[in-house]
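J.: What follows is query.txt, compact mmCIF, N, CA and C atoms.
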# COMPACT_ATOMS: atom_id res chain seq x y z
N MET L 23 78.90 79.19 78.21
CA MET L 23 78.42 80.39 78.85
C MET L 23 78.96 80.43 80.28
N LYS L 24 79.48 81.59 80.67
CA LYS L 24 80.03 81.73 82.01
C LYS L 24 78.92 82.01 83.01
N ARG L 25 79.09 81.45 84.16
CA ARG L 25 78.13 81.65 85.23
C ARG L 25 78.62 82.78 86.13
N LYS L 26 77.74 83.68 86.50
CA LYS L 26 78.11 84.81 87.32
C LYS L 26 78.27 84.36 88.77
N ARG L 27 79.35 84.81 89.41
CA ARG L 27 79.58 84.47 90.81
C ARG L 27 78.69 85.33 91.70
N SER L 28 78.08 84.72 92.70
CA SER L 28 77.14 85.44 93.53
C SER L 28 77.75 85.99 94.81
N GLU L 29 78.93 85.50 95.21
CA GLU L 29 79.51 85.98 96.45
C GLU L 29 80.29 87.27 96.21
N PHE L 30 80.29 88.10 97.24
CA PHE L 30 80.99 89.37 97.14
C PHE L 30 82.45 89.21 97.56
N PHE L 31 82.67 88.51 98.68
CA PHE L 31 84.02 88.22 99.15
C PHE L 31 84.31 86.75 98.89
N SER L 32 85.50 86.49 98.39
CA SER L 32 85.90 85.10 98.19
C SER L 32 86.33 84.51 99.54
N LEU L 33 86.53 83.22 99.56
CA LEU L 33 86.99 82.56 100.78
C LEU L 33 88.36 83.10 101.20
N HIS L 34 89.20 83.36 100.23
CA HIS L 34 90.52 83.93 100.52
C HIS L 34 90.38 85.31 101.15
N ASP L 35 89.47 86.13 100.63
CA ASP L 35 89.23 87.46 101.21
C ASP L 35 88.75 87.35 102.65
N LEU L 36 87.80 86.46 102.90
CA LEU L 36 87.25 86.30 104.24
C LEU L 36 88.31 85.80 105.23
N LEU L 37 89.14 84.88 104.79
CA LEU L 37 90.20 84.38 105.67
C LEU L 37 91.24 85.47 105.94
N THR L 38 91.55 86.26 104.94
CA THR L 38 92.49 87.38 105.13
C THR L 38 91.94 88.38 106.13
N MET L 39 90.66 88.74 105.96
CA MET L 39 90.04 89.69 106.89
C MET L 39 89.96 89.12 108.30
N ALA L 40 89.65 87.83 108.44
CA ALA L 40 89.58 87.21 109.76
C ALA L 40 90.94 87.18 110.44
N ALA L 41 91.99 86.87 109.68
CA ALA L 41 93.34 86.84 110.26
C ALA L 41 93.77 88.23 110.71
N LEU L 42 93.52 89.23 109.89
CA LEU L 42 93.88 90.60 110.25
C LEU L 42 93.06 91.09 111.45
N ALA L 43 91.79 90.70 111.50
CA ALA L 43 90.94 91.09 112.63
C ALA L 43 91.43 90.44 113.92
N ALA L 44 91.86 89.19 113.84
CA ALA L 44 92.37 88.51 115.03
C ALA L 44 93.66 89.17 115.52
N LEU L 45 94.57 89.46 114.58
CA LEU L 45 95.81 90.13 114.96
C LEU L 45 95.54 91.52 115.54
N GLY L 46 94.66 92.25 114.89
CA GLY L 46 94.33 93.59 115.37
C GLY L 46 93.58 93.59 116.69
N GLY L 47 92.69 92.64 116.86
CA GLY L 47 91.92 92.58 118.10
C GLY L 47 92.77 92.26 119.30
N VAL L 48 93.65 91.29 119.17
CA VAL L 48 94.51 90.92 120.29
C VAL L 48 95.53 92.02 120.57
N SER L 49 96.15 92.56 119.52
CA SER L 49 97.13 93.63 119.75
C SER L 49 96.45 94.89 120.28
N GLY L 50 95.24 95.18 119.81
CA GLY L 50 94.52 96.35 120.31
C GLY L 50 94.14 96.22 121.77
N ALA L 51 93.75 95.04 122.20
CA ALA L 51 93.42 94.82 123.60
C ALA L 51 94.65 94.96 124.48
N VAL L 52 95.78 94.42 124.03
CA VAL L 52 97.02 94.51 124.80
C VAL L 52 97.47 95.97 124.90
N VAL L 53 97.40 96.69 123.78
CA VAL L 53 97.79 98.11 123.80
C VAL L 53 96.88 98.91 124.72
N SER L 54 95.59 98.62 124.73
CA SER L 54 94.66 99.34 125.60
C SER L 54 94.93 99.06 127.07
N ILE L 55 95.25 97.83 127.39
CA ILE L 55 95.57 97.49 128.79
C ILE L 55 96.87 98.16 129.22
N ILE L 56 97.88 98.14 128.37
CA ILE L 56 99.15 98.81 128.69
C ILE L 56 98.94 100.31 128.82
N ARG L 57 98.15 100.88 127.91
CA ARG L 57 97.87 102.32 127.97
C ARG L 57 97.17 102.69 129.26
N ALA L 58 96.19 101.89 129.70
CA ALA L 58 95.48 102.16 130.95
C ALA L 58 96.41 102.03 132.15
N ALA L 59 97.31 101.05 132.14
CA ALA L 59 98.24 100.86 133.25
C ALA L 59 99.23 102.01 133.34
N VAL L 60 99.78 102.41 132.21
CA VAL L 60 100.74 103.52 132.21
C VAL L 60 100.04 104.82 132.62
N HIS L 61 98.83 105.01 132.16
CA HIS L 61 98.09 106.23 132.50
C HIS L 61 97.75 106.27 134.00
N ALA L 62 97.55 105.12 134.62
CA ALA L 62 97.27 105.08 136.06
C ALA L 62 98.50 105.44 136.88
N VAL L 63 99.68 105.10 136.37
CA VAL L 63 100.91 105.38 137.11
C VAL L 63 101.44 106.78 136.80
N VAL L 64 101.51 107.11 135.53
CA VAL L 64 102.04 108.41 135.10
C VAL L 64 100.96 109.10 134.28
N VAL L 65 100.47 110.21 134.80
CA VAL L 65 99.43 110.95 134.09
C VAL L 65 100.10 111.90 133.10
N LEU L 66 99.96 111.57 131.83
CA LEU L 66 100.54 112.39 130.77
C LEU L 66 99.48 113.34 130.23
N PRO L 67 99.85 114.55 129.85
CA PRO L 67 98.86 115.45 129.25
C PRO L 67 98.35 114.86 127.94
N GLY L 68 97.04 114.72 127.84
CA GLY L 68 96.45 114.13 126.65
C GLY L 68 96.47 112.61 126.68
N GLY L 69 96.95 112.05 127.77
CA GLY L 69 97.01 110.60 127.87
C GLY L 69 98.02 110.04 126.89
N MET L 70 97.76 108.86 126.43
CA MET L 70 98.63 108.23 125.43
C MET L 70 97.86 108.09 124.13
N GLN L 71 97.31 109.19 123.66
CA GLN L 71 96.46 109.16 122.48
C GLN L 71 97.21 108.82 121.21
N PHE L 72 98.54 108.90 121.24
CA PHE L 72 99.28 108.50 120.05
C PHE L 72 99.15 107.00 119.78
N LEU L 73 98.70 106.23 120.76
CA LEU L 73 98.45 104.81 120.56
C LEU L 73 96.99 104.51 120.23
N ALA L 74 96.14 105.53 120.23
CA ALA L 74 94.70 105.30 120.10
C ALA L 74 94.30 104.73 118.75
N GLY L 75 94.99 105.07 117.70
CA GLY L 75 94.58 104.60 116.38
C GLY L 75 95.38 103.44 115.84
N ILE L 76 96.07 102.72 116.73
CA ILE L 76 96.93 101.63 116.27
C ILE L 76 96.11 100.52 115.61
N HIS L 77 94.86 100.38 116.00
CA HIS L 77 94.04 99.31 115.42
C HIS L 77 93.63 99.60 113.98
N VAL L 78 93.79 100.84 113.54
CA VAL L 78 93.43 101.20 112.17
C VAL L 78 94.44 100.62 111.17
N LEU L 79 95.64 100.33 111.62
CA LEU L 79 96.65 99.72 110.75
C LEU L 79 96.11 98.44 110.12
N TRP L 80 95.42 97.62 110.89
CA TRP L 80 94.90 96.35 110.39
C TRP L 80 93.79 96.56 109.37
N LEU L 81 93.04 97.64 109.53
CA LEU L 81 91.97 97.96 108.58
C LEU L 81 92.56 98.41 107.25
N ILE L 82 93.63 99.17 107.30
CA ILE L 82 94.30 99.62 106.09
C ILE L 82 94.90 98.41 105.35
N LEU L 83 95.48 97.49 106.11
CA LEU L 83 96.00 96.27 105.50
C LEU L 83 94.88 95.46 104.84
N ALA L 84 93.72 95.41 105.48
CA ALA L 84 92.59 94.67 104.91
C ALA L 84 92.14 95.30 103.60
N VAL L 85 92.04 96.62 103.57
CA VAL L 85 91.63 97.31 102.33
C VAL L 85 92.68 97.10 101.24
N GLY L 86 93.94 97.19 101.60
CA GLY L 86 95.00 97.03 100.61
C GLY L 86 95.11 95.62 100.06
N LEU L 87 94.86 94.62 100.90
CA LEU L 87 94.98 93.23 100.45
C LEU L 87 93.73 92.71 99.76
N VAL L 88 92.56 93.06 100.28
CA VAL L 88 91.30 92.54 99.73
C VAL L 88 90.83 93.38 98.55
N ARG L 89 90.98 94.71 98.65
CA ARG L 89 90.62 95.65 97.58
C ARG L 89 89.16 95.56 97.16
N ARG L 90 88.27 95.42 98.11
CA ARG L 90 86.84 95.44 97.84
C ARG L 90 86.17 96.39 98.84
N PRO L 91 85.12 97.10 98.40
CA PRO L 91 84.40 97.96 99.33
C PRO L 91 83.79 97.13 100.46
N GLY L 92 83.91 97.64 101.66
CA GLY L 92 83.36 96.95 102.82
C GLY L 92 84.36 96.08 103.55
N ALA L 93 85.55 95.91 103.00
CA ALA L 93 86.55 95.05 103.64
C ALA L 93 86.97 95.60 105.00
N ALA L 94 87.16 96.91 105.09
CA ALA L 94 87.57 97.50 106.36
C ALA L 94 86.45 97.41 107.39
N THR L 95 85.21 97.57 106.96
CA THR L 95 84.08 97.51 107.89
C THR L 95 83.90 96.11 108.46
N VAL L 96 83.98 95.11 107.61
CA VAL L 96 83.85 93.73 108.08
C VAL L 96 85.00 93.38 109.01
N THR L 97 86.22 93.77 108.62
CA THR L 97 87.38 93.51 109.45
C THR L 97 87.26 94.23 110.79
N ALA L 98 86.75 95.46 110.76
CA ALA L 98 86.62 96.23 112.00
C ALA L 98 85.61 95.60 112.95
N LEU L 99 84.50 95.11 112.43
CA LEU L 99 83.52 94.47 113.31
C LEU L 99 84.07 93.19 113.94
N LEU L 100 84.77 92.40 113.14
CA LEU L 100 85.41 91.20 113.68
C LEU L 100 86.49 91.58 114.70
N GLN L 101 87.25 92.60 114.39
CA GLN L 101 88.31 93.05 115.28
C GLN L 101 87.72 93.56 116.59
N GLY L 102 86.62 94.29 116.53
CA GLY L 102 85.97 94.77 117.74
C GLY L 102 85.48 93.63 118.62
N ALA L 103 84.95 92.59 117.99
CA ALA L 103 84.50 91.43 118.76
C ALA L 103 85.68 90.72 119.43
N VAL L 104 86.79 90.60 118.70
CA VAL L 104 87.98 89.97 119.28
C VAL L 104 88.52 90.82 120.42
N GLU L 105 88.56 92.14 120.23
CA GLU L 105 89.03 93.03 121.30
C GLU L 105 88.13 92.93 122.53
N LEU L 106 86.85 92.88 122.33
CA LEU L 106 85.90 92.78 123.43
C LEU L 106 86.13 91.48 124.21
N LEU L 107 86.31 90.39 123.49
CA LEU L 107 86.52 89.10 124.13
C LEU L 107 87.93 88.95 124.70
N SER L 108 88.86 89.79 124.26
CA SER L 108 90.24 89.74 124.76
C SER L 108 90.44 90.60 126.00
N GLY L 109 89.43 91.29 126.42
CA GLY L 109 89.53 92.06 127.66
C GLY L 109 89.87 93.52 127.49
N ASN L 110 89.41 94.14 126.44
CA ASN L 110 89.64 95.58 126.26
C ASN L 110 88.93 96.34 127.38
N PRO L 111 89.62 97.28 128.03
CA PRO L 111 89.00 98.00 129.15
C PRO L 111 87.82 98.89 128.76
N HIS L 112 87.61 99.17 127.48
CA HIS L 112 86.51 100.03 127.07
C HIS L 112 85.17 99.30 127.02
N GLY L 113 85.18 97.99 127.08
CA GLY L 113 83.94 97.22 127.08
C GLY L 113 83.24 97.26 125.73
N LEU L 114 81.90 97.40 125.75
CA LEU L 114 81.12 97.39 124.51
C LEU L 114 81.39 98.58 123.61
N LEU L 115 81.97 99.62 124.17
CA LEU L 115 82.30 100.81 123.37
C LEU L 115 83.30 100.47 122.26
N VAL L 116 84.08 99.43 122.45
CA VAL L 116 85.07 99.04 121.46
C VAL L 116 84.40 98.65 120.14
N LEU L 117 83.23 98.04 120.20
CA LEU L 117 82.51 97.70 118.96
C LEU L 117 82.11 98.94 118.19
N LEU L 118 81.70 99.97 118.92
CA LEU L 118 81.27 101.21 118.28
C LEU L 118 82.43 101.93 117.60
N TYR L 119 83.55 102.09 118.30
CA TYR L 119 84.63 102.82 117.65
C TYR L 119 85.33 102.00 116.57
N CYS L 120 85.30 100.69 116.68
CA CYS L 120 85.82 99.88 115.57
C CYS L 120 84.92 100.01 114.34
N LEU L 121 83.61 99.99 114.56
CA LEU L 121 82.67 100.14 113.44
C LEU L 121 82.87 101.47 112.73
N PHE L 122 82.96 102.56 113.48
CA PHE L 122 83.13 103.87 112.85
C PHE L 122 84.49 103.98 112.15
N SER L 123 85.51 103.37 112.73
CA SER L 123 86.83 103.38 112.06
C SER L 123 86.77 102.64 110.74
N GLY L 124 86.12 101.48 110.72
CA GLY L 124 86.01 100.71 109.49
C GLY L 124 85.20 101.43 108.43
N LEU L 125 84.08 102.02 108.84
CA LEU L 125 83.26 102.78 107.89
C LEU L 125 84.03 103.97 107.32
N THR L 126 84.79 104.66 108.17
CA THR L 126 85.55 105.82 107.72
C THR L 126 86.65 105.41 106.75
N VAL L 127 87.37 104.34 107.06
CA VAL L 127 88.44 103.88 106.15
C VAL L 127 87.84 103.49 104.80
N ASP L 128 86.74 102.74 104.82
CA ASP L 128 86.09 102.36 103.55
C ASP L 128 85.61 103.59 102.78
N LEU L 129 85.02 104.54 103.47
CA LEU L 129 84.49 105.73 102.81
C LEU L 129 85.61 106.55 102.15
N ILE L 130 86.68 106.80 102.88
CA ILE L 130 87.79 107.58 102.33
C ILE L 130 88.43 106.84 101.16
N TRP L 131 88.60 105.53 101.29
CA TRP L 131 89.19 104.74 100.21
C TRP L 131 88.31 104.79 98.96
N LEU L 132 87.00 104.73 99.14
CA LEU L 132 86.09 104.82 97.99
C LEU L 132 86.07 106.22 97.39
N LEU L 133 86.07 107.25 98.24
CA LEU L 133 86.04 108.63 97.74
C LEU L 133 87.30 108.99 96.96
N LEU L 134 88.41 108.38 97.32
CA LEU L 134 89.66 108.68 96.62
C LEU L 134 89.90 107.74 95.44
N GLY L 135 88.86 107.09 95.00
CA GLY L 135 88.91 106.34 93.76
C GLY L 135 89.50 104.94 93.86
N ARG L 136 89.54 104.37 95.05
CA ARG L 136 90.05 103.01 95.25
C ARG L 136 91.45 102.85 94.67
N SER L 137 92.23 103.90 94.74
CA SER L 137 93.57 103.86 94.16
C SER L 137 94.54 103.14 95.10
N ASP L 138 95.61 102.68 94.53
CA ASP L 138 96.62 101.92 95.27
C ASP L 138 97.85 102.80 95.49
N ARG L 139 97.60 104.00 96.04
CA ARG L 139 98.69 104.94 96.30
C ARG L 139 98.86 105.13 97.79
N LEU L 140 100.04 105.50 98.19
CA LEU L 140 100.35 105.69 99.60
C LEU L 140 99.49 106.79 100.22
N ILE L 141 99.24 107.86 99.51
CA ILE L 141 98.45 108.97 100.06
C ILE L 141 97.02 108.53 100.36
N THR L 142 96.48 107.64 99.55
CA THR L 142 95.12 107.14 99.78
C THR L 142 95.07 106.37 101.09
N TYR L 143 96.03 105.49 101.29
CA TYR L 143 96.05 104.70 102.52
C TYR L 143 96.37 105.56 103.74
N ALA L 144 97.24 106.55 103.57
CA ALA L 144 97.58 107.43 104.69
C ALA L 144 96.38 108.27 105.11
N LEU L 145 95.66 108.82 104.14
CA LEU L 145 94.46 109.61 104.48
C LEU L 145 93.37 108.74 105.09
N ALA L 146 93.18 107.54 104.55
CA ALA L 146 92.17 106.64 105.10
C ALA L 146 92.52 106.26 106.54
N GLY L 147 93.78 105.97 106.79
CA GLY L 147 94.22 105.65 108.14
C GLY L 147 94.11 106.82 109.09
N GLY L 148 94.46 108.00 108.62
CA GLY L 148 94.35 109.20 109.45
C GLY L 148 92.92 109.52 109.83
N PHE L 149 92.03 109.48 108.86
CA PHE L 149 90.63 109.74 109.16
C PHE L 149 90.01 108.64 110.02
N GLY L 150 90.47 107.40 109.83
CA GLY L 150 89.99 106.30 110.67
C GLY L 150 90.40 106.50 112.12
N ALA L 151 91.63 106.95 112.35
CA ALA L 151 92.10 107.22 113.71
C ALA L 151 91.35 108.40 114.32
N VAL L 152 91.06 109.41 113.52
CA VAL L 152 90.31 110.57 114.02
C VAL L 152 88.90 110.16 114.40
N SER L 153 88.28 109.29 113.61
CA SER L 153 86.92 108.84 113.97
C SER L 153 86.95 108.05 115.27
N ASN L 154 88.02 107.31 115.51
CA ASN L 154 88.19 106.60 116.77
C ASN L 154 88.20 107.58 117.93
N LEU L 155 88.98 108.63 117.81
CA LEU L 155 89.07 109.63 118.87
C LEU L 155 87.74 110.37 119.07
N LEU L 156 87.05 110.66 117.98
CA LEU L 156 85.75 111.35 118.11
C LEU L 156 84.71 110.49 118.83
N VAL L 157 84.68 109.21 118.52
CA VAL L 157 83.74 108.32 119.21
C VAL L 157 84.09 108.25 120.69
N LEU L 158 85.38 108.11 121.01
CA LEU L 158 85.78 108.08 122.41
C LEU L 158 85.48 109.40 123.12
N LEU L 159 85.63 110.51 122.41
CA LEU L 159 85.38 111.82 123.00
C LEU L 159 83.90 112.02 123.31
N PHE L 160 83.03 111.64 122.37
CA PHE L 160 81.60 111.90 122.56
C PHE L 160 80.88 110.82 123.36
N MET L 161 81.41 109.61 123.38
CA MET L 161 80.69 108.52 124.05
C MET L 161 81.25 108.17 125.42
N ALA L 162 82.54 108.37 125.61
CA ALA L 162 83.15 107.94 126.89
C ALA L 162 83.11 109.05 127.91
Output the file's structure as structure tokens, nothing else.
T.:
Amino acid sequence: MKRKRSEFFSLHDLLTMAALAALGGVSGAVVSIIRAAVHAVVVLPGGMQFLAGIHVLWLILAVGLVRRPGAATVTALLQGAVELLSGNPHGLLVLLYCLFSGLTVDLIWLLLGRSDRLITYALAGGFGAVSNLLVLLFMA
């Protein structure tokens, strides 16, 4: 008789999400610092918002590699903690916009049937980046 596994994420899944969160957190903090420095020197219309959703790339990779509901949310929370500890200029707000980005990516991926198609990942990433901008717009 087979025994039912009680864990939702395997050790491999957790390590994959942790590695992606670390990469995303450090790169997101560096991009935010560079964006703030460039914006202080050269004021561009709309700022450098084209870099605002770069952290969503790591969430899409987490969903694509782990393929379980909640993978983007867990990765996003870990990524937000790494960004916070890496010196992101947004402070505690980074946890909030990472959380909403992860929830949005997971929701869109689930609504589109958990399919492994490019359009699914593109829409999930796009909506995740938009949720990032909305949180920054309403909270900052």
J.: Which is closest to Ser123 (chain L) among L:Leu79, L:Leu106, L:Leu140, L:Val88, if we use only C-alpha atoms?
T.: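 Nearest candidate to Ser123 (chain L) out of L:Leu79, L:Leu106, L:Leu140, L:Val88: L:Leu79.
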J.: From the options L:Phe30, L:Ser153, L:Leu87, L:His77, which residue's atoms come nearest to Leu45 (chain L), counting all atoms listed in the file?
T.: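 Between L:Phe30, L:Ser153, L:Leu87, L:His77, the residue approaching Leu45 (chain L) most closely is L:His77.
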J.: Can you tell me how far CA of Thr38 (chain L) sits from CA of Ala93 (chain L), in Å to one decimal?
T.: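 A separation of 9.8 Å between them.
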J.: Excluding Ser54 (chain L) and its own-chain neighbours fewer than 6 positions away, which residues fall within 8 Å of it when counting all atoms listed in the file? Please give them as a compact mmCIF listing (two decimals) with N, CA and C atoms, keeping the file's coordinate frame.
T.:
# COMPACT_ATOMS: atom_id res chain seq x y z
N VAL L 48 93.65 91.29 119.17
CA VAL L 48 94.51 90.92 120.29
C VAL L 48 95.53 92.02 120.57
N VAL L 60 99.78 102.41 132.21
CA VAL L 60 100.74 103.52 132.21
C VAL L 60 100.04 104.82 132.62
N LEU L 73 98.70 106.23 120.76
CA LEU L 73 98.45 104.81 120.56
C LEU L 73 96.99 104.51 120.23
N GLY L 109 89.43 91.29 126.42
CA GLY L 109 89.53 92.06 127.66
C GLY L 109 89.87 93.52 127.49
N ASN L 110 89.41 94.14 126.44
CA ASN L 110 89.64 95.58 126.26
C ASN L 110 88.93 96.34 127.38
N PRO L 111 89.62 97.28 128.03
CA PRO L 111 89.00 98.00 129.15
C PRO L 111 87.82 98.89 128.76
N HIS L 112 87.61 99.17 127.48
CA HIS L 112 86.51 100.03 127.07
C HIS L 112 85.17 99.30 127.02
J.: As a VMD selection string, please: every residue in region 32-162 of chain L that DSSP puts in alpha helix (DSSP H).
T.: chain L and resid 33 to 63 78 to 88 93 to 107 115 to 133 140 to 161
J.: Can you pull out the residues contacting Ala43 (chain L)? Cut-off 7 Å, using only C-alpha atoms, and skip same-chain residues under 2 positions away; I want them as a list in words.
T.: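 These residues fall inside the cut-off: Met39, Ala40, Ala41, Leu45, Gly46, Gly47, Trp80, Thr97, Ala98, Leu100 and Gln101 of chain L.
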J.: Closest to Gly102 (chain L) among L:Leu155, L:Ala144, L:Phe31, L:Ala44, using only C-alpha atoms?
T.: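 Ranked by minimum distance to Gly102 (chain L), first place goes to L:Ala44.
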